[in-house]
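K.L.:
Quick one: structure below, then a few questions.
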Amino acid sequence: NAESTKYTVVIDDYAENTQSREQAETVMQTKLFAGDAADIYYFRNDMLSPLPWISAGLLYDLDPLIVADSEISEEDIIPWTAMHEYGGLYLLSPTFGVVALSCSQQTQQLHTGWTIAEYLDIEKSLRPEQDMIYYMDPENFLKRIGGRYLRGVIDYEHAQCNLDTPEFREILQSALKAGSYDGGYNPDKNVPQRIVDGELICCYVGLSSALEVSFDRYRCGQTLGYVGWPTPDGSNGMDVRLMMPLGVSEATSCPEGCWEFLKYLLLHPWMEYSADGTPVYAPLLQDNLDILKNIEVPYAEITTFDDVQLIVDLAKTCETMDFYDEEAMSILLEEMGDLVSGNIDLDTAVERMQSRLNLYLMEQVK
């Protein structure tokens with residue numbers, strides 16, 4: 001507000017005077033359908049999913065505003081492809097990270113874009129002293145791999161979802177076949193070192209900034225490789241994570257004002273800590289590195305622009321963001337528990353997941 005004489009930003013906290021997340025959502029929805037919608041919404045990853053909003057046409061496509069802006073272009077926005085996962089540019093964030101699996105450089109060379117079948121084949125060939133992945137069980141397999149598939153087949157607009165497909169059945173069957181690994185703590189050897197020594201194939205990692213890359217190198221002496229989760233068709237299983245995902249209401253009366261605010265955030269991102277993320281706006285990458293190198297951790301001094309570029313290169317290969325419908329996934333996980341325990345067979349699990357998920361989607365559009 002101190003920078004603008006034309007627009008004033010006012011924050012409306014829907015959780016104020018409420019006792020739960022559900023109550024806050026009710027307040028938000030009541031205002032939305034009463035014609036008192038906010039101009040901009042913050043879709044915090046663990047609180048509010050933007051997926052139903054995008055499907056229902058409730059978010060403004062920002063593409064025309066960027067085209068009309070003489071200062072910012074498509075080339076300036078690093079995760080441009082991933083941010084267009086749903087057609088238009090419905091979400092924007094000043095910073096981002098990449099969700100991936102850390103691995104050896106050799107594994108990256110051999111298995112960038114690997115299938116679920118490849119994952120299972122590698123697991124079968126492991127020596128007794130090797131682990132496939134740092135923490136895995138059937139439920140986590142379904143969440144990490146099935147979750148990416150799920151968001152592509154849910155149709156919020158028509159309240160339907162088809163899970164009775166060969167791809168989803170393969171995911172369920174593979175979750176039962178895949179090994180479980182508890183990821184137990186090893187006081188004698190850290191995870192990156194185990195990867196380098198060939199004792200561990202891969203490990204879930206969230207790369208918020210170049211400091212995560214140099215941290216792994218600090219612990220094992222070399223830069224690791226990074227791949228996405230295996231997928232049914234071998235497509236890229238890596239996701240972009242928007243650290244502060246913001247969407248403009250389709251009903252806004254001042255899209256230009258919303259863009260001015262979002263543009264200000266793009267040009268002035270909060271980057272005080274590694275967890276704040278990497279700037280979406282490419283011209284700020286060197287500034288980001290300068291800030292990271294001044295953070296008081298022993299591996300800051302070995303952080304280089306190559307580490308920044310590694311995250312940029314990974315983000316540019318991503319075609320998706322890491323938004324999931326947590327409620328929908330919880331339904332699948334409940335039924336997966338019965339499948340794992342042997343209480344139901346695969347056909348029954350698919351049928352129950354399908355039925356419950358469609359019921360859930362119907363409730364969302366009421």
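Each chain of the structure tokens is named A, B, ... in the order shown, its residues numbered from 1; ligands are numbered from 1 in display order.
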Among the residues of range 245-357 of chain A, find those DSSP assigns to strand (DSSP E or B) from the backbone and print them as a VMD selection string.

P.N.:
chain A and resid 246 to 249 278 to 279 281 320 to 321

K.L.:
Convert the current residue selection to file output with C-alpha atoms, as a CSV table (one decimal), in the first residue's frame.

P.N.:
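For reference, out24.csv as written:
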chain,number,residue,atom,x,y,z
A,246,LEU,CA,-2.6,-16.6,-5.6
A,247,GLY,CA,-5.6,-16.6,-7.9
A,248,VAL,CA,-7.8,-13.7,-9.1
A,249,SER,CA,-11.5,-14.0,-8.8
A,278,THR,CA,13.2,-19.6,-5.7
A,279,PRO,CA,11.9,-16.4,-7.5
A,281,TYR,CA,10.7,-13.9,-12.0
A,320,THR,CA,2.3,-29.9,-13.5
A,321,MET,CA,2.0,-28.3,-10.2

K.L.:
Neighbours of Asp338 in chain A within 12 Å (only C-alpha atoms; same-chain residues fewer than 2 positions away dropped), as an mmCIF file with N, CA and C atoms, in the first residue's frame?

P.N.:
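And here's out_20.cif as it stands now:
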data_model
loop_
_atom_site.group_PDB
_atom_site.id
_atom_site.type_symbol
_atom_site.label_atom_id
_atom_site.label_comp_id
_atom_site.auth_asym_id
_atom_site.auth_seq_id
_atom_site.Cartn_x
_atom_site.Cartn_y
_atom_site.Cartn_z
ATOM 1 N N PRO A 138 2.267 -49.050 0.927
ATOM 2 C CA PRO A 138 1.223 -49.005 -0.116
ATOM 3 C C PRO A 138 0.410 -47.713 -0.124
ATOM 4 N N GLU A 139 0.088 -47.202 1.058
ATOM 5 C CA GLU A 139 -0.699 -45.969 1.120
ATOM 6 C C GLU A 139 0.085 -44.783 0.567
ATOM 7 N N LEU A 176 0.505 -52.588 -4.151
ATOM 8 C CA LEU A 176 0.534 -53.837 -3.385
ATOM 9 C C LEU A 176 1.835 -54.601 -3.617
ATOM 10 N N ILE A 331 -10.323 -40.404 0.816
ATOM 11 C CA ILE A 331 -11.287 -41.465 0.473
ATOM 12 C C ILE A 331 -10.548 -42.665 -0.105
ATOM 13 N N LEU A 332 -9.634 -42.413 -1.025
ATOM 14 C CA LEU A 332 -8.875 -43.493 -1.649
ATOM 15 C C LEU A 332 -8.009 -44.215 -0.627
ATOM 16 N N LEU A 333 -7.410 -43.454 0.274
ATOM 17 C CA LEU A 333 -6.523 -44.068 1.268
ATOM 18 C C LEU A 333 -7.294 -44.965 2.237
ATOM 19 N N GLU A 334 -8.518 -44.567 2.573
ATOM 20 C CA GLU A 334 -9.337 -45.406 3.453
ATOM 21 C C GLU A 334 -9.627 -46.752 2.802
ATOM 22 N N GLU A 335 -10.013 -46.726 1.541
ATOM 23 C CA GLU A 335 -10.309 -47.972 0.836
ATOM 24 C C GLU A 335 -9.029 -48.770 0.570
ATOM 25 N N MET A 336 -7.923 -48.064 0.389
ATOM 26 C CA MET A 336 -6.652 -48.749 0.169
ATOM 27 C C MET A 336 -6.273 -49.567 1.394
ATOM 28 N N VAL A 340 -5.214 -53.451 1.248
ATOM 29 C CA VAL A 340 -3.924 -53.937 1.750
ATOM 30 C C VAL A 340 -4.115 -55.048 2.774
ATOM 31 N N SER A 341 -5.117 -54.883 3.637
ATOM 32 C CA SER A 341 -5.367 -55.872 4.691
ATOM 33 C C SER A 341 -6.045 -57.132 4.169
ATOM 34 N N GLY A 342 -6.487 -57.109 2.909
ATOM 35 C CA GLY A 342 -7.128 -58.279 2.320
ATOM 36 C C GLY A 342 -8.613 -58.378 2.583
ATOM 37 N N ASN A 343 -9.204 -57.319 3.134
ATOM 38 C CA ASN A 343 -10.644 -57.333 3.415
ATOM 39 C C ASN A 343 -11.483 -57.222 2.139
ATOM 40 N N ILE A 344 -10.914 -56.641 1.101
ATOM 41 C CA ILE A 344 -11.614 -56.510 -0.180
ATOM 42 C C ILE A 344 -10.639 -56.821 -1.306
ATOM 43 N N ASP A 345 -11.173 -57.185 -2.482
ATOM 44 C CA ASP A 345 -10.304 -57.427 -3.635
ATOM 45 C C ASP A 345 -10.190 -56.160 -4.473
ATOM 46 N N LEU A 346 -9.409 -56.242 -5.545
ATOM 47 C CA LEU A 346 -9.131 -55.068 -6.369
ATOM 48 C C LEU A 346 -10.398 -54.503 -6.990
ATOM 49 N N THR A 348 -13.486 -54.703 -5.997
ATOM 50 C CA THR A 348 -14.321 -54.059 -4.971
ATOM 51 C C THR A 348 -13.719 -52.724 -4.550
ATOM 52 N N ALA A 349 -12.393 -52.681 -4.424
ATOM 53 C CA ALA A 349 -11.729 -51.433 -4.043
ATOM 54 C C ALA A 349 -11.986 -50.340 -5.067
ATOM 55 N N VAL A 350 -11.853 -50.673 -6.353
ATOM 56 C CA VAL A 350 -12.089 -49.691 -7.412
ATOM 57 C C VAL A 350 -13.543 -49.223 -7.388
ATOM 58 N N ARG A 352 -15.680 -49.221 -4.872
ATOM 59 C CA ARG A 352 -15.972 -48.395 -3.694
ATOM 60 C C ARG A 352 -15.318 -47.022 -3.797
ATOM 61 N N MET A 353 -14.090 -46.985 -4.285
ATOM 62 C CA MET A 353 -13.427 -45.695 -4.478
ATOM 63 C C MET A 353 -14.213 -44.829 -5.454
#

K.L.:
Please identify which residues in range 115-252 of chain A DSSP calls alpha helix (DSSP H) from the backbone, and express them as a ChimeraX atom specification.

P.N.:
/A:116-124,138-141,147-153,166-177,191-196,210-220

K.L.:
Using CA of Arg144 in chain A and CA of Gly206 in chain A as the two end points, give the distance in Å to one decimal.

P.N.:
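These two atoms are separated by 13.0 Å.
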
K.L.:
Leaving out Glu75 in chain A and any residue of its chain fewer than 6 positions from it, which residues lie within 12 Å of it when counting only C-alpha atoms, given as a PDB file with N, CA, C and O atoms, in the first residue's frame?

P.N.:
ATOM      1  N   ILE A  66      -0.557 -10.372 -18.769  1.00  0.00           N
ATOM      2  CA  ILE A  66       0.888 -10.454 -18.992  1.00  0.00           C
ATOM      3  C   ILE A  66       1.225 -10.023 -20.414  1.00  0.00           C
ATOM      4  O   ILE A  66       2.207  -9.306 -20.645  1.00  0.00           O
ATOM      5  N   VAL A  67       0.405 -10.431 -21.377  1.00  0.00           N
ATOM      6  CA  VAL A  67       0.634 -10.046 -22.772  1.00  0.00           C
ATOM      7  C   VAL A  67       0.614  -8.526 -22.909  1.00  0.00           C
ATOM      8  O   VAL A  67       1.408  -7.937 -23.667  1.00  0.00           O
ATOM      9  N   THR A  81       5.345 -23.346 -18.060  1.00  0.00           N
ATOM     10  CA  THR A  81       4.612 -24.513 -18.562  1.00  0.00           C
ATOM     11  C   THR A  81       3.785 -25.163 -17.458  1.00  0.00           C
ATOM     12  O   THR A  81       2.594 -25.453 -17.645  1.00  0.00           O
ATOM     13  N   VAL A 280      10.075 -16.735  -8.990  1.00  0.00           N
ATOM     14  CA  VAL A 280       9.425 -17.077 -10.255  1.00  0.00           C
ATOM     15  C   VAL A 280       9.936 -16.160 -11.371  1.00  0.00           C
ATOM     16  O   VAL A 280      10.081 -16.588 -12.520  1.00  0.00           O
ATOM     17  N   TYR A 281      10.245 -14.930 -11.006  1.00  0.00           N
ATOM     18  CA  TYR A 281      10.701 -13.927 -11.973  1.00  0.00           C
ATOM     19  C   TYR A 281      12.199 -14.102 -12.213  1.00  0.00           C
ATOM     20  O   TYR A 281      13.033 -13.839 -11.355  1.00  0.00           O
ATOM     21  N   ALA A 282      12.561 -14.569 -13.408  1.00  0.00           N
ATOM     22  CA  ALA A 282      13.928 -14.985 -13.719  1.00  0.00           C
ATOM     23  C   ALA A 282      14.995 -13.914 -13.482  1.00  0.00           C
ATOM     24  O   ALA A 282      16.104 -14.238 -13.028  1.00  0.00           O
ATOM     25  N   PRO A 283      14.754 -12.629 -13.767  1.00  0.00           N
ATOM     26  CA  PRO A 283      15.802 -11.625 -13.549  1.00  0.00           C
ATOM     27  C   PRO A 283      16.260 -11.494 -12.097  1.00  0.00           C
ATOM     28  O   PRO A 283      17.274 -10.830 -11.841  1.00  0.00           O
ATOM     29  N   LYS A 316      11.617 -26.080 -15.470  1.00  0.00           N
ATOM     30  CA  LYS A 316      11.219 -25.897 -16.865  1.00  0.00           C
ATOM     31  C   LYS A 316      10.822 -27.203 -17.534  1.00  0.00           C
ATOM     32  O   LYS A 316      10.154 -27.190 -18.571  1.00  0.00           O
TER      33      LYS A 316
END

K.L.:
Go through A:Tyr149, A:Phe33, A:Tyr60, A:Tyr218 one by one, measure the shortest atom-to-atom distance of each to Phe323 in chain A using only C-alpha atoms, and give the residue with the smallest value.

P.N.:
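Among A:Tyr149, A:Phe33, A:Tyr60, A:Tyr218, it is A:Tyr149 that comes nearest to Phe323 in chain A.
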
K.L.:
Interatomic distance between CA of Asp46 in chain A and CA of Trp80 in chain A?

P.N.:
22.9 Å

K.L.:
Do you know which residues are at most 12 Å from range 157-167 of chain A counting only C-alpha atoms, after dropping those on the same chain fewer than 3 positions away, and could you put them as an MDAnalysis selection string?

P.N.:
chainID A and resid 51:58 115:117 145:154 170:174 231:234 328 332 346:366

K.L.:
Could you check the closest approach to Ser70 in chain A for each of A:Lys263, A:Pro187, A:Val196, A:Arg219 and tell me which residue wins, using only C-alpha atoms?

P.N.:
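Closest residue, counting only C-alpha atoms: A:Lys263.
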